[in-house]
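*Asks:* structure_4.cif is reproduced below (mmCIF, C-alpha atoms and all ligand atoms).
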```
data_upload
#
loop_
_atom_site.label_atom_id
_atom_site.label_comp_id
_atom_site.auth_asym_id
_atom_site.auth_seq_id
_atom_site.Cartn_x
_atom_site.Cartn_y
_atom_site.Cartn_z
CA MET A 10 141.86 82.68 49.03
CA SER A 11 142.68 86.11 47.76
CA ALA A 12 142.15 86.87 44.11
CA LEU A 13 145.80 87.84 44.04
CA SER A 14 147.22 84.44 44.90
CA PRO A 15 149.04 83.07 41.88
CA LEU A 16 147.14 80.84 39.48
CA SER A 17 147.55 77.13 40.15
CA ILE A 18 146.76 75.98 36.62
CA VAL A 19 147.07 77.94 33.39
CA VAL A 20 145.88 76.23 30.22
CA GLU A 21 146.96 78.20 27.19
CA ASP A 22 145.59 77.78 23.66
CA LEU A 23 145.35 74.07 24.13
CA ALA A 24 144.39 71.89 21.17
CA LYS A 25 143.89 68.17 20.91
CA THR A 26 143.18 66.16 17.80
CA PHE A 27 143.51 62.39 17.84
CA VAL A 28 144.91 60.76 14.71
CA LEU A 29 144.12 57.08 14.39
CA HIS A 30 146.83 55.82 12.07
CA ASN A 31 145.47 52.33 11.82
CA ALA A 32 141.99 53.48 10.85
CA ASP A 33 142.85 55.25 7.61
CA SER A 34 144.41 58.04 9.66
CA ALA A 35 140.97 59.16 10.82
CA THR A 36 141.22 62.39 12.78
CA ILE A 37 139.11 63.23 15.80
CA PRO A 38 139.35 66.93 16.58
CA VAL A 39 138.34 67.49 20.19
CA PHE A 40 139.08 71.12 21.15
CA HIS A 41 141.30 74.00 20.14
CA ASN A 42 142.34 77.43 21.47
CA LEU A 43 141.22 76.29 24.89
CA ARG A 44 142.08 78.60 27.77
CA LEU A 45 141.43 78.00 31.42
CA GLU A 46 142.84 79.44 34.63
CA VAL A 47 142.29 78.02 38.08
CA ARG A 48 143.17 79.69 41.37
CA PRO A 49 143.77 78.16 44.78
CA GLY A 50 140.44 77.47 46.49
CA GLU A 51 138.55 77.23 43.20
CA CYS A 52 136.72 74.17 41.93
CA VAL A 53 136.11 74.49 38.21
CA VAL A 54 133.62 71.93 36.94
CA LEU A 55 133.96 70.86 33.32
CA ALA A 56 130.55 70.75 31.69
CA GLY A 57 129.28 69.42 28.40
CA GLU A 58 127.75 66.38 26.82
CA SER A 59 129.37 62.99 26.56
CA GLY A 60 132.27 62.98 24.13
CA VAL A 61 132.82 66.74 24.22
CA GLY A 62 136.33 66.27 25.60
CA LYS A 63 136.11 66.73 29.39
CA SER A 64 138.27 63.75 30.24
CA THR A 65 140.61 64.53 27.35
CA LEU A 66 141.21 68.00 28.80
CA MET A 67 141.78 66.62 32.27
CA ARG A 68 144.17 63.92 31.05
CA SER A 69 146.07 66.53 29.04
CA ILE A 70 146.54 68.55 32.22
CA TYR A 71 147.79 65.44 34.02
CA GLY A 72 150.29 64.69 31.26
CA ASN A 73 148.54 61.45 30.37
CA TYR A 74 147.47 62.72 26.92
CA LEU A 75 149.77 64.66 24.63
CA PRO A 76 148.09 67.85 23.36
CA THR A 77 148.52 68.78 19.72
CA ASP A 78 149.24 72.41 20.54
CA GLY A 79 149.38 74.86 23.44
CA GLY A 80 150.58 74.52 27.01
CA VAL A 81 149.52 73.54 30.51
CA ARG A 82 151.36 75.33 33.28
CA VAL A 83 151.03 73.99 36.79
CA MET A 84 152.35 75.83 39.86
CA HIS A 85 154.84 73.45 41.44
CA ASP A 86 157.13 74.50 44.30
CA GLY A 87 156.64 78.18 43.56
CA ALA A 88 157.35 77.99 39.82
CA TYR A 89 155.38 76.96 36.77
CA VAL A 90 156.07 73.68 35.01
CA ASP A 91 154.65 73.21 31.50
CA ILE A 92 153.35 69.67 31.68
CA THR A 93 153.18 69.39 27.89
CA ARG A 94 156.89 70.02 27.54
CA ALA A 95 158.36 68.70 30.78
CA ALA A 96 160.60 65.63 30.77
CA PRO A 97 158.94 62.44 32.05
CA HIS A 98 160.77 62.52 35.39
CA GLU A 99 159.63 66.12 35.95
CA VAL A 100 156.02 65.17 35.28
CA LEU A 101 156.33 62.29 37.73
CA GLU A 102 157.76 64.66 40.33
CA VAL A 103 154.90 67.14 39.82
CA ARG A 104 152.44 64.25 40.19
CA ARG A 105 154.12 62.99 43.32
CA ARG A 106 154.02 66.27 45.18
CA THR A 107 151.59 68.67 43.52
CA LEU A 108 149.13 67.10 41.14
CA GLY A 109 146.61 64.48 42.32
CA TYR A 110 144.17 62.69 40.02
CA VAL A 111 141.13 60.61 40.82
CA SER A 112 139.91 58.67 37.82
CA GLN A 113 136.65 56.86 37.57
CA PHE A 114 138.43 53.54 37.68
CA LEU A 115 141.04 52.30 40.06
CA ARG A 116 144.28 51.43 38.34
CA VAL A 117 146.80 50.13 40.82
CA ILE A 118 149.54 47.62 41.19
CA PRO A 119 147.97 44.19 41.58
CA ARG A 120 148.38 42.23 44.81
CA ILE A 121 149.12 45.19 47.09
CA PRO A 122 146.79 45.48 50.10
CA THR A 123 144.40 48.42 50.26
CA LEU A 124 145.91 49.98 53.38
CA GLN A 125 149.35 49.94 51.78
CA LEU A 126 148.00 51.54 48.59
CA VAL A 127 146.42 54.35 50.58
CA MET A 128 149.59 54.91 52.62
CA GLU A 129 151.78 55.03 49.51
CA PRO A 130 151.38 58.74 48.59
CA LEU A 131 152.48 59.63 52.13
CA LEU A 132 155.42 57.21 52.16
CA GLU A 133 156.57 58.59 48.80
CA ASN A 134 156.60 62.02 50.38
CA GLY A 135 158.71 61.06 53.36
CA VAL A 136 155.99 60.58 56.00
CA ASP A 137 156.98 57.83 58.42
CA CYS A 138 155.22 54.51 58.32
CA ASP A 139 153.30 54.73 61.62
CA GLU A 140 151.95 58.17 60.86
CA ALA A 141 151.00 57.07 57.33
CA ARG A 142 149.19 54.03 58.72
CA ARG A 143 147.34 56.13 61.28
CA ARG A 144 146.11 58.58 58.65
CA ALA A 145 145.19 55.86 56.15
CA THR A 146 143.17 54.02 58.80
CA GLU A 147 141.40 57.23 59.77
CA LEU A 148 140.47 58.07 56.19
CA LEU A 149 139.33 54.56 55.27
CA SER A 150 137.11 54.57 58.37
CA ALA A 151 135.71 57.98 57.44
CA LEU A 152 134.93 56.60 53.98
CA ARG A 153 133.27 53.63 55.71
CA LEU A 154 135.30 50.98 53.94
CA PRO A 155 134.82 47.83 56.04
CA GLU A 156 137.91 47.05 58.08
CA ALA A 157 137.93 43.48 56.78
CA HIS A 158 138.90 44.92 53.39
CA TRP A 159 141.96 46.84 54.49
CA GLU A 160 144.43 44.00 54.21
CA LEU A 161 143.09 42.84 50.84
CA PRO A 162 144.10 44.09 47.40
CA PRO A 163 141.15 46.01 45.93
CA ALA A 164 140.90 43.90 42.74
CA THR A 165 137.83 42.01 43.98
CA PHE A 166 136.07 45.02 45.56
CA SER A 167 132.77 46.43 44.30
CA GLY A 168 132.84 49.49 42.05
CA GLY A 169 131.94 51.81 44.91
CA GLU A 170 134.52 50.27 47.23
CA GLN A 171 137.27 50.63 44.62
CA GLN A 172 136.22 54.20 44.05
CA ARG A 173 136.60 54.95 47.75
CA VAL A 174 140.11 53.46 47.74
CA ASN A 175 140.86 55.76 44.82
CA ILE A 176 139.50 58.76 46.71
CA ALA A 177 141.44 57.85 49.84
CA ARG A 178 144.69 57.76 47.86
CA SER A 179 144.11 61.27 46.58
CA PHE A 180 142.84 62.90 49.76
CA ILE A 181 145.32 61.33 52.18
CA ARG A 182 147.68 64.19 51.56
CA LYS A 183 147.03 67.78 50.58
CA TYR A 184 147.74 67.95 46.88
CA PRO A 185 147.83 71.63 45.89
CA VAL A 186 146.10 70.71 42.62
CA LEU A 187 143.48 67.98 42.26
CA LEU A 188 141.83 66.59 39.14
CA LEU A 189 138.62 64.64 39.77
CA ASP A 190 137.06 62.65 36.92
CA GLU A 191 133.67 61.50 38.21
CA PRO A 192 134.96 60.54 41.65
CA THR A 193 131.46 59.89 42.99
CA ALA A 194 130.03 58.01 40.01
CA SER A 195 129.49 54.69 41.76
CA LEU A 196 128.87 55.90 45.30
CA ASP A 197 125.62 55.94 47.27
CA ALA A 198 124.18 59.16 48.70
CA GLU A 199 125.83 58.79 52.07
CA ASN A 200 129.29 58.21 50.62
CA ARG A 201 128.79 61.02 48.13
CA ALA A 202 128.15 63.37 51.06
CA ILE A 203 131.39 62.27 52.70
CA VAL A 204 133.33 62.93 49.51
CA VAL A 205 131.68 66.35 49.16
CA GLN A 206 132.98 67.17 52.64
CA LEU A 207 136.50 66.03 51.73
CA ILE A 208 136.42 68.19 48.60
CA LYS A 209 135.11 71.22 50.50
CA SER A 210 137.71 71.06 53.21
CA ALA A 211 140.52 70.64 50.65
CA LEU A 212 139.19 73.74 48.85
CA ALA A 213 139.02 75.68 52.11
CA GLU A 214 142.67 74.84 52.64
CA GLY A 215 143.54 76.30 49.26
CA ALA A 216 143.61 73.37 46.86
CA ALA A 217 142.82 74.19 43.23
CA MET A 218 140.49 71.69 41.58
CA ILE A 219 139.11 70.74 38.22
CA GLY A 220 136.23 68.29 38.40
CA ILE A 221 133.83 66.34 36.23
CA PHE A 222 130.62 65.41 38.06
CA HIS A 223 127.54 63.97 36.44
CA ASP A 224 125.68 64.12 39.73
CA GLU A 225 124.03 67.54 39.92
CA ASP A 226 123.84 67.64 43.71
CA VAL A 227 127.57 67.02 44.01
CA ARG A 228 128.28 69.55 41.30
CA ASP A 229 126.14 72.24 42.96
CA ALA A 230 127.73 71.54 46.31
CA VAL A 231 131.35 71.92 45.22
CA ALA A 232 131.53 73.96 41.99
CA THR A 233 132.76 77.51 42.23
CA ARG A 234 132.29 77.89 38.47
CA LEU A 235 131.24 75.85 35.45
CA PHE A 236 133.44 75.57 32.39
CA PRO A 237 131.64 74.46 29.22
CA VAL A 238 134.21 72.60 27.14
CA SER A 239 131.99 72.86 24.02
CA GLN A 240 132.88 76.55 23.57
CA PHE A 241 136.26 75.36 22.30
CA LYS A 242 134.89 72.60 20.11
CA ALA A 243 137.18 72.02 17.17
CA ALA A 244 135.48 71.63 13.79
CA ALA A 245 135.43 68.06 12.53
CA MET B 16 181.12 52.56 33.27
CA GLN B 17 182.98 49.81 35.11
CA ARG B 18 181.90 46.19 34.94
CA GLU B 19 180.99 46.20 38.65
CA GLU B 20 178.59 49.08 38.19
CA TRP B 21 176.07 47.21 36.10
CA GLY B 22 174.23 43.92 35.96
CA PHE B 23 172.42 41.94 33.26
CA VAL B 24 169.42 39.72 33.89
CA HIS B 25 168.86 37.45 30.89
CA GLN B 26 165.50 36.25 29.61
CA ASN B 27 166.58 32.65 29.96
CA PRO B 28 168.18 31.92 33.35
CA ARG B 29 170.44 29.37 31.64
CA ASP B 30 172.15 32.24 29.83
CA GLY B 31 172.74 34.15 33.02
CA LEU B 32 173.62 31.37 35.46
CA ARG B 33 176.41 28.84 35.59
CA MET B 34 174.46 25.60 35.67
CA ARG B 35 177.32 23.46 37.02
CA VAL B 36 177.84 25.34 40.26
CA SER B 37 175.38 25.74 43.13
CA GLY B 38 172.76 28.48 43.41
CA GLY B 39 174.72 30.00 46.26
CA ALA B 40 177.97 30.02 44.27
CA ASN B 41 176.15 31.70 41.41
CA VAL B 42 175.07 34.48 43.75
CA ALA B 43 178.51 34.83 45.36
CA GLU B 44 180.59 34.76 42.19
CA PRO B 45 180.45 38.47 41.30
CA LEU B 46 181.94 39.26 44.71
CA MET B 47 184.81 36.87 43.98
CA TYR B 48 185.43 38.47 40.58
CA LEU B 49 185.64 41.80 42.36
CA GLY B 50 188.37 40.54 44.65
CA GLN B 51 186.42 39.58 47.76
CA ARG B 52 188.34 36.70 49.39
CA HIS B 53 186.77 36.44 52.82
CA TYR B 54 184.73 33.22 52.62
CA GLY B 55 182.59 33.91 55.71
CA LYS B 56 181.62 37.36 54.50
CA MET B 57 180.74 36.07 51.04
CA ARG B 58 178.61 33.30 52.47
CA GLN B 59 176.76 35.74 54.70
CA ALA B 60 176.16 38.16 51.81
CA THR B 61 174.86 35.25 49.74
CA ILE B 62 172.47 34.17 52.46
CA ASP B 63 171.25 37.76 52.86
CA TRP B 64 170.59 37.98 49.14
CA LEU B 65 168.84 34.62 48.92
CA GLU B 66 166.52 35.91 51.65
CA ARG B 67 165.98 39.17 49.86
CA VAL B 68 164.82 37.39 46.73
CA GLU B 69 162.67 35.11 48.89
CA LEU B 70 164.57 31.87 48.35
CA ASP B 71 165.02 29.13 50.94
CA THR B 72 168.55 29.62 52.28
CA LEU B 73 168.74 25.93 53.17
CA ARG B 74 168.98 25.25 49.45
CA ILE B 75 172.11 27.35 49.02
CA ASP B 76 174.08 24.32 47.77
CA ASP B 77 171.49 23.04 45.27
CA LYS B 78 172.30 23.29 41.58
CA PRO B 79 170.23 25.76 39.50
CA ARG B 80 168.52 22.96 37.56
CA ASN B 81 166.88 21.81 40.81
CA PHE B 82 165.07 25.14 41.14
CA SER B 83 161.88 26.12 39.29
CA GLY B 84 162.01 28.71 36.51
CA GLY B 85 160.84 31.50 38.80
CA MET B 86 163.41 30.57 41.43
CA GLN B 87 166.20 30.43 38.84
CA GLN B 88 165.20 33.88 37.77
CA ARG B 89 165.41 35.09 41.36
CA ILE B 90 168.89 33.55 41.72
CA GLN B 91 169.85 35.46 38.61
CA VAL B 92 168.48 38.68 40.10
CA ALA B 93 170.46 38.14 43.32
CA ARG B 94 173.61 37.37 41.30
CA ASN B 95 173.20 40.65 39.44
CA LEU B 96 172.51 42.82 42.45
CA ILE B 97 174.85 41.46 45.13
CA HIS B 98 177.75 43.67 44.09
CA GLY B 99 175.67 46.86 44.33
CA PRO B 100 175.44 47.93 40.69
CA ARG B 101 173.88 51.26 39.74
CA LEU B 102 172.41 50.13 36.44
CA VAL B 103 170.76 46.82 35.61
CA PHE B 104 169.65 45.57 32.21
CA MET B 105 166.77 43.11 32.17
CA ASP B 106 165.83 41.28 28.99
CA GLU B 107 162.26 39.98 29.28
CA PRO B 108 162.94 38.97 32.89
CA THR B 109 159.50 37.41 33.34
CA GLY B 110 159.25 36.06 29.79
CA GLY B 111 159.14 32.31 30.32
CA LEU B 112 157.23 32.26 33.60
CA ASP B 113 153.67 31.42 34.68
CA VAL B 114 151.54 34.50 35.32
CA SER B 115 151.42 34.03 39.08
CA VAL B 116 155.19 33.53 39.27
CA GLN B 117 155.58 36.51 36.97
CA ALA B 118 153.55 38.74 39.27
CA ARG B 119 155.63 37.76 42.28
CA LEU B 120 158.90 38.42 40.48
CA LEU B 121 157.63 41.81 39.28
CA ASP B 122 156.62 42.79 42.83
CA LEU B 123 160.07 41.81 44.01
CA LEU B 124 161.83 43.72 41.23
CA ARG B 125 159.75 46.85 41.90
CA GLU B 126 160.67 46.74 45.57
CA LEU B 127 164.36 46.21 44.90
CA VAL B 128 164.49 48.99 42.32
CA ARG B 129 162.90 51.40 44.79
CA ASP B 130 164.91 50.36 47.84
CA LEU B 131 168.28 50.24 46.08
CA ASN B 132 167.60 53.33 43.99
CA LEU B 133 168.60 51.44 40.84
CA ALA B 134 168.44 52.55 37.25
CA VAL B 135 166.92 49.76 35.16
CA ILE B 136 166.58 49.25 31.43
CA ILE B 137 164.04 46.55 30.77
CA VAL B 138 163.14 44.93 27.46
CA THR B 139 159.61 43.60 27.24
CA HIS B 140 156.82 42.78 24.79
CA ASP B 141 154.29 42.86 27.58
CA MET B 142 152.54 46.23 27.85
CA ALA B 143 151.27 45.40 31.35
CA VAL B 144 154.85 44.83 32.51
CA ALA B 145 155.85 48.12 30.95
CA ARG B 146 153.04 50.00 32.69
CA LEU B 147 153.86 48.41 36.00
CA MET B 148 157.63 48.74 35.96
CA ALA B 149 158.66 51.66 33.82
CA ASP B 150 158.67 55.44 34.25
CA ARG B 151 159.68 55.98 30.64
CA LEU B 152 158.90 53.95 27.57
CA ILE B 153 160.85 53.65 24.33
CA VAL B 154 158.99 51.98 21.47
CA MET B 155 161.26 50.34 18.89
CA LYS B 156 160.53 48.89 15.50
CA GLY B 157 163.04 47.30 13.14
CA GLY B 158 165.96 48.54 15.21
CA HIS B 159 164.74 52.14 15.34
CA VAL B 160 163.17 54.17 18.11
CA VAL B 161 159.74 55.29 16.90
CA GLU B 162 158.40 56.90 20.06
CA THR B 163 159.52 57.77 23.58
CA GLY B 164 157.86 59.36 26.57
CA LEU B 165 156.20 58.99 29.94
CA THR B 166 154.96 55.39 30.10
CA ASP B 167 151.28 56.05 30.75
CA GLN B 168 151.20 58.76 28.09
CA VAL B 169 152.71 56.50 25.43
CA LEU B 170 150.32 53.68 26.36
CA ASP B 171 147.15 55.81 26.65
CA ASP B 172 147.80 58.28 23.84
CA PRO B 173 150.35 56.68 21.49
CA GLN B 174 151.38 58.90 18.58
CA HIS B 175 153.24 56.63 16.17
CA PRO B 176 151.31 54.17 13.97
CA TYR B 177 153.35 51.26 15.32
CA SER B 178 152.79 52.25 18.97
CA GLN B 179 149.08 52.60 18.25
CA LEU B 180 149.07 49.14 16.71
CA LEU B 181 150.88 47.64 19.70
CA VAL B 182 148.54 49.21 22.23
CA SER B 183 145.38 48.40 20.32
CA SER B 184 146.45 44.77 19.92
CA VAL B 185 146.50 44.17 23.67
CA LEU B 186 143.51 42.22 24.91
CA GLN B 187 141.57 44.13 27.52
CA ILE B 188 141.03 42.12 30.65
N1 LIG C 301 143.00 57.74 23.76
C1 LIG C 301 142.14 58.14 22.81
N2 LIG C 301 142.37 57.83 21.52
C2 LIG C 301 141.54 58.25 20.56
N3 LIG C 301 140.43 58.99 20.76
C3 LIG C 301 140.14 59.34 22.03
C4 LIG C 301 140.98 58.95 23.11
N4 LIG C 301 140.44 59.44 24.25
C5 LIG C 301 139.33 60.12 23.89
N5 LIG C 301 139.15 60.09 22.55
C6 LIG C 301 138.06 60.74 21.81
O1 LIG C 301 137.98 62.09 22.19
C7 LIG C 301 136.64 62.54 22.32
C8 LIG C 301 136.40 63.11 23.71
O2 LIG C 301 136.42 62.06 24.67
P1 LIG C 301 136.38 62.30 26.22
O3 LIG C 301 136.60 61.00 26.86
O4 LIG C 301 137.29 63.41 26.55
O5 LIG C 301 134.86 62.78 26.42
P2 LIG C 301 134.10 63.19 27.75
O6 LIG C 301 133.61 64.59 27.56
O7 LIG C 301 134.93 62.92 28.93
O8 LIG C 301 132.84 62.20 27.69
P3 LIG C 301 132.07 61.37 28.86
O9 LIG C 301 131.16 62.36 29.53
O10 LIG C 301 131.32 60.35 28.09
O11 LIG C 301 133.10 60.80 29.77
C9 LIG C 301 135.78 61.33 22.00
O12 LIG C 301 135.36 61.44 20.66
C10 LIG C 301 136.71 60.15 22.16
O13 LIG C 301 136.38 59.11 21.30
MG MG C 302 134.86 61.48 30.51
#
```
As structure tokens, please, write out the structure in this file.
Ligand SMILES: Nc1ncnc2c1ncn2[C@@H]1O[C@H](COP(=O)(O)OP(=O)(O)OP(=O)(O)O)[C@@H](O)[C@H]1O
Ligand SMILES: [Mg+2]
*Replies:*
Amino acid sequence: MSALSPLSIVVEDLAKTFVLHNADSATIPVFHNLRLEVRPGECVVLAGESGVGKSTLMRSIYGNYLPTDGGVRVMHDGAYVDITRAAPHEVLEVRRRTLGYVSQFLRVIPRIPTLQLVMEPLLENGVDCDEARRRATELLSALRLPEAHWELPPATFSGGEQQRVNIARSFIRKYPVLLLDEPTASLDAENRAIVVQLIKSALAEGAAMIGIFHDEDVRDAVATRLFPVSQFKAAA
Amino acid sequence: MQREEWGFVHQNPRDGLRMRVSGGANVAEPLMYLGQRHYGKMRQATIDWLERVELDTLRIDDKPRNFSGGMQQRIQVARNLIHGPRLVFMDEPTGGLDVSVQARLLDLLRELVRDLNLAVIIVTHDMAVARLMADRLIVMKGGHVVETGLTDQVLDDPQHPYSQLLVSSVLQI
């Protein structure tokens, strides 16, 4: 990707402080004045010790946490949308088409079979059912999820199996922007290698990514740059 | 907005159904109010809707009291959707039901909302129902709105003391 292609994510002077009203209004300052820019084809890895605010930053970019100050602009359909100020239906639209998110834990609608869950992002984007099924089957096979599992809801799956369902949902279509919060945490070496390949080919096709990876091998394999969150540590 | 453009699903099916007439008549009634007089067409629409809410069409003539709570609730849903409203109010629609019955009704409602492109306003005390069903959440206390926003944001990073209390009071399972 050329250095001139427009930025995919622009985080501007972002601040987040949690206020716990039912605990004597305790405040937890996490970061402030945080700036970050990510281009297509880049994978920025958030670094820093536990509790420094990596997930908080990622969730703020996804619109799941409400920052105290600053903005998060995401390139969506050729124009920037400020996730921190957009109306809920706009955020949902950006998530549907532009912004994918793999969390460490699978959070899905209960009772829906795995195959259906993996097809969903395609169906929501107008891909027809047969094509969606074909691609979901292909990806679940590539991720080596046993075929016997495909018609079952993932609630009873092992941690690593659930994680692979999560990954399949986010890599089944080409999200221009992907947020990955420890997507390989409960995977074995072989599955980690498969996910590294998925990440690399998405990057080669111009996806912009922000990732959190505790596994150093994965991090070294996919990171184009490290971003230490602690440099924006807000004073307690 | 005209009467035919909205529906109202009550918490207690007894408040939303006429208990003296059959399940099928309950479903068909809104069509009659709207001037439909063709009996055959109404009966067919009723059968279609009973199927859509996964009820046995052979029981079309049974009275509501002969159906279980979950089934009564599904009759109520069919009665409120048959005339093609654009907006539906639902007051604790799964309130009095067993969890397994609740889950099935929620699945059904989600599907219908998506397929019919409905706008729904749902009242619930159950945060899991809110997360599952709603795009937007409005938290109210003492008759006032204290917080509004994207559902997962309000549930995962609530700002108002009362919203924080609500979310932190939910048992994690
Ligand atoms: N929803 C929340 N409400 C209140 N405080 C929170 C919330 N989420 C995170 N925090 C606090 O914000 C700080 C940063 O947490 P965060 O989860 O971002 O850390 P992290 O860098 O991802 O850590 P880890 O590597 O352990 O996952 C912590 O002190 C945490 O307690
Ligand atoms: Mg984290």
*Asks:* List the spatial neighbours of stretch 146-159 of chain A as a PyMOL selection string - criterion: any atom at most 7 Å away, all atoms listed in the file, same-chain residues fewer than 2 positions off excluded.
*Replies:* chain A and resi 122-124+142-144+161+170+173+177+200+203
*Asks:* Within 12 Å of A:Pro49, counting only C-alpha atoms, which residues qualify if same-chain residues fewer than 6 places away don't, as a PyMOL selection string?
*Replies:* chain A and resi 10-19+83-84+184-187+211-219+233
*Asks:* Do me a favour and pick out the residues of chain A within 6 Å of chain B, using all atoms listed in the file, as a list in words.
*Replies:* His30, Asn73, Tyr74 and Pro97 of chain A
*Asks:* Any residue with an atom at most 8 Å from ligand LIG 301 (chain C) counts, using all atoms listed in the file. Which are they? Put them as a list in words.
*Replies:* Thr26, Phe27, Val28, Leu29, Ile37, Pro38, Val39, Gly57, Glu58, Ser59, Gly60, Val61, Gly62, Lys63, Ser64, Thr65, Leu66, Met67, Tyr74 and His223 of chain A; Asp171, Asp172 and Pro173 of chain B
*Asks:* Excluding B:Val128 and residues on its chain fewer than 3 positions from it, collect all residues at most 12 Å away from it, counting all atoms listed in the file, and give them as a list in words.
*Replies:* Val92, Leu96, Gly99, Pro100, Arg101, Leu102, Val103, Phe104, Met105, Leu121, Asp122, Leu123, Leu124, Arg125, Leu131, Asn132, Leu133, Ala134, Val135, Ile136, Ile137, Met148, Ala149 and Asp150 of chain B
*Asks:* Output C-alpha atoms for every residue in the selection just made, as a PDB file, keeping the file's coordinate frame.
*Replies:*
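Saved result, out-v7.pdb, follows:
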```pdb
ATOM      1  CA  VAL B  92     168.480  38.680  40.100  1.00  0.00           C
ATOM      2  CA  LEU B  96     172.510  42.820  42.450  1.00  0.00           C
ATOM      3  CA  GLY B  99     175.670  46.860  44.330  1.00  0.00           C
ATOM      4  CA  PRO B 100     175.440  47.930  40.690  1.00  0.00           C
ATOM      5  CA  ARG B 101     173.880  51.260  39.740  1.00  0.00           C
ATOM      6  CA  LEU B 102     172.410  50.130  36.440  1.00  0.00           C
ATOM      7  CA  VAL B 103     170.760  46.820  35.610  1.00  0.00           C
ATOM      8  CA  PHE B 104     169.650  45.570  32.210  1.00  0.00           C
ATOM      9  CA  MET B 105     166.770  43.110  32.170  1.00  0.00           C
ATOM     10  CA  LEU B 121     157.630  41.810  39.280  1.00  0.00           C
ATOM     11  CA  ASP B 122     156.620  42.790  42.830  1.00  0.00           C
ATOM     12  CA  LEU B 123     160.070  41.810  44.010  1.00  0.00           C
ATOM     13  CA  LEU B 124     161.830  43.720  41.230  1.00  0.00           C
ATOM     14  CA  ARG B 125     159.750  46.850  41.900  1.00  0.00           C
ATOM     15  CA  LEU B 131     168.280  50.240  46.080  1.00  0.00           C
ATOM     16  CA  ASN B 132     167.600  53.330  43.990  1.00  0.00           C
ATOM     17  CA  LEU B 133     168.600  51.440  40.840  1.00  0.00           C
ATOM     18  CA  ALA B 134     168.440  52.550  37.250  1.00  0.00           C
ATOM     19  CA  VAL B 135     166.920  49.760  35.160  1.00  0.00           C
ATOM     20  CA  ILE B 136     166.580  49.250  31.430  1.00  0.00           C
ATOM     21  CA  ILE B 137     164.040  46.550  30.770  1.00  0.00           C
ATOM     22  CA  MET B 148     157.630  48.740  35.960  1.00  0.00           C
ATOM     23  CA  ALA B 149     158.660  51.660  33.820  1.00  0.00           C
ATOM     24  CA  ASP B 150     158.670  55.440  34.250  1.00  0.00           C
TER      25      ASP B 150
END
```
*Asks:* For the atom pair atom CA of B:Gln91 and atom CA of B:Ile153, what is the interatomic distance in Å to one decimal place?
*Replies:*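 Those two atoms sit 24.8 Å apart.
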*Asks:* Within 12 Å of B:His98, counting all atoms listed in the file, which residues qualify if same-chain residues fewer than 3 places away don't, as a list in words?
*Replies:*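 Everything that qualifies: Arg18, Glu19, Glu20, Trp21, Gly22, Val42, Ala43, Glu44, Pro45, Leu46, Met47, Tyr48, Leu49, Gly50, Gln51, Met57, Ala60, Thr61, Trp64, Val92, Ala93, Arg94, Asn95, Arg101, Leu102, Val103 and Leu131 of chain B.
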*Asks:* Filtering to C-alpha atoms, could you give me those residues as a compact mmCIF listing (two decimals), in the coordinates of the input?
*Replies:*
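This is the output file again.txt:
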```txt
# COMPACT_ATOMS: atom_id res chain seq x y z
CA ARG B 18 181.90 46.19 34.94
CA GLU B 19 180.99 46.20 38.65
CA GLU B 20 178.59 49.08 38.19
CA TRP B 21 176.07 47.21 36.10
CA GLY B 22 174.23 43.92 35.96
CA VAL B 42 175.07 34.48 43.75
CA ALA B 43 178.51 34.83 45.36
CA GLU B 44 180.59 34.76 42.19
CA PRO B 45 180.45 38.47 41.30
CA LEU B 46 181.94 39.26 44.71
CA MET B 47 184.81 36.87 43.98
CA TYR B 48 185.43 38.47 40.58
CA LEU B 49 185.64 41.80 42.36
CA GLY B 50 188.37 40.54 44.65
CA GLN B 51 186.42 39.58 47.76
CA MET B 57 180.74 36.07 51.04
CA ALA B 60 176.16 38.16 51.81
CA THR B 61 174.86 35.25 49.74
CA TRP B 64 170.59 37.98 49.14
CA VAL B 92 168.48 38.68 40.10
CA ALA B 93 170.46 38.14 43.32
CA ARG B 94 173.61 37.37 41.30
CA ASN B 95 173.20 40.65 39.44
CA ARG B 101 173.88 51.26 39.74
CA LEU B 102 172.41 50.13 36.44
CA VAL B 103 170.76 46.82 35.61
CA LEU B 131 168.28 50.24 46.08
```
*Asks:* Quick check, in Å to one decimal: how far apart do atom CA of A:Ala24 and atom CA of A:Arg105 lie?
*Replies:* 25.8 Å
*Asks:* Would you work out the distance separating atom CA of B:Leu70 from atom CA of B:His140, expressed in Å to one decimal?
*Replies:*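 So the answer is 27.1 Å.
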*Asks:* If we count all atoms listed in the file, what is near B:Asp76 at a cut-off of 7 Å, once residues fewer than 6 positions away on the same chain are taken out, given as an MDAnalysis selection string?
*Replies:* chainID B and resid 37:39
*Asks:* I need the residue nearest A:Pro162 from this list: A:Ala198, A:Gln125, A:Phe236, A:Thr193. Use all atoms listed in the file for the distance.
*Replies:*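 The closest residue to A:Pro162 is A:Gln125.
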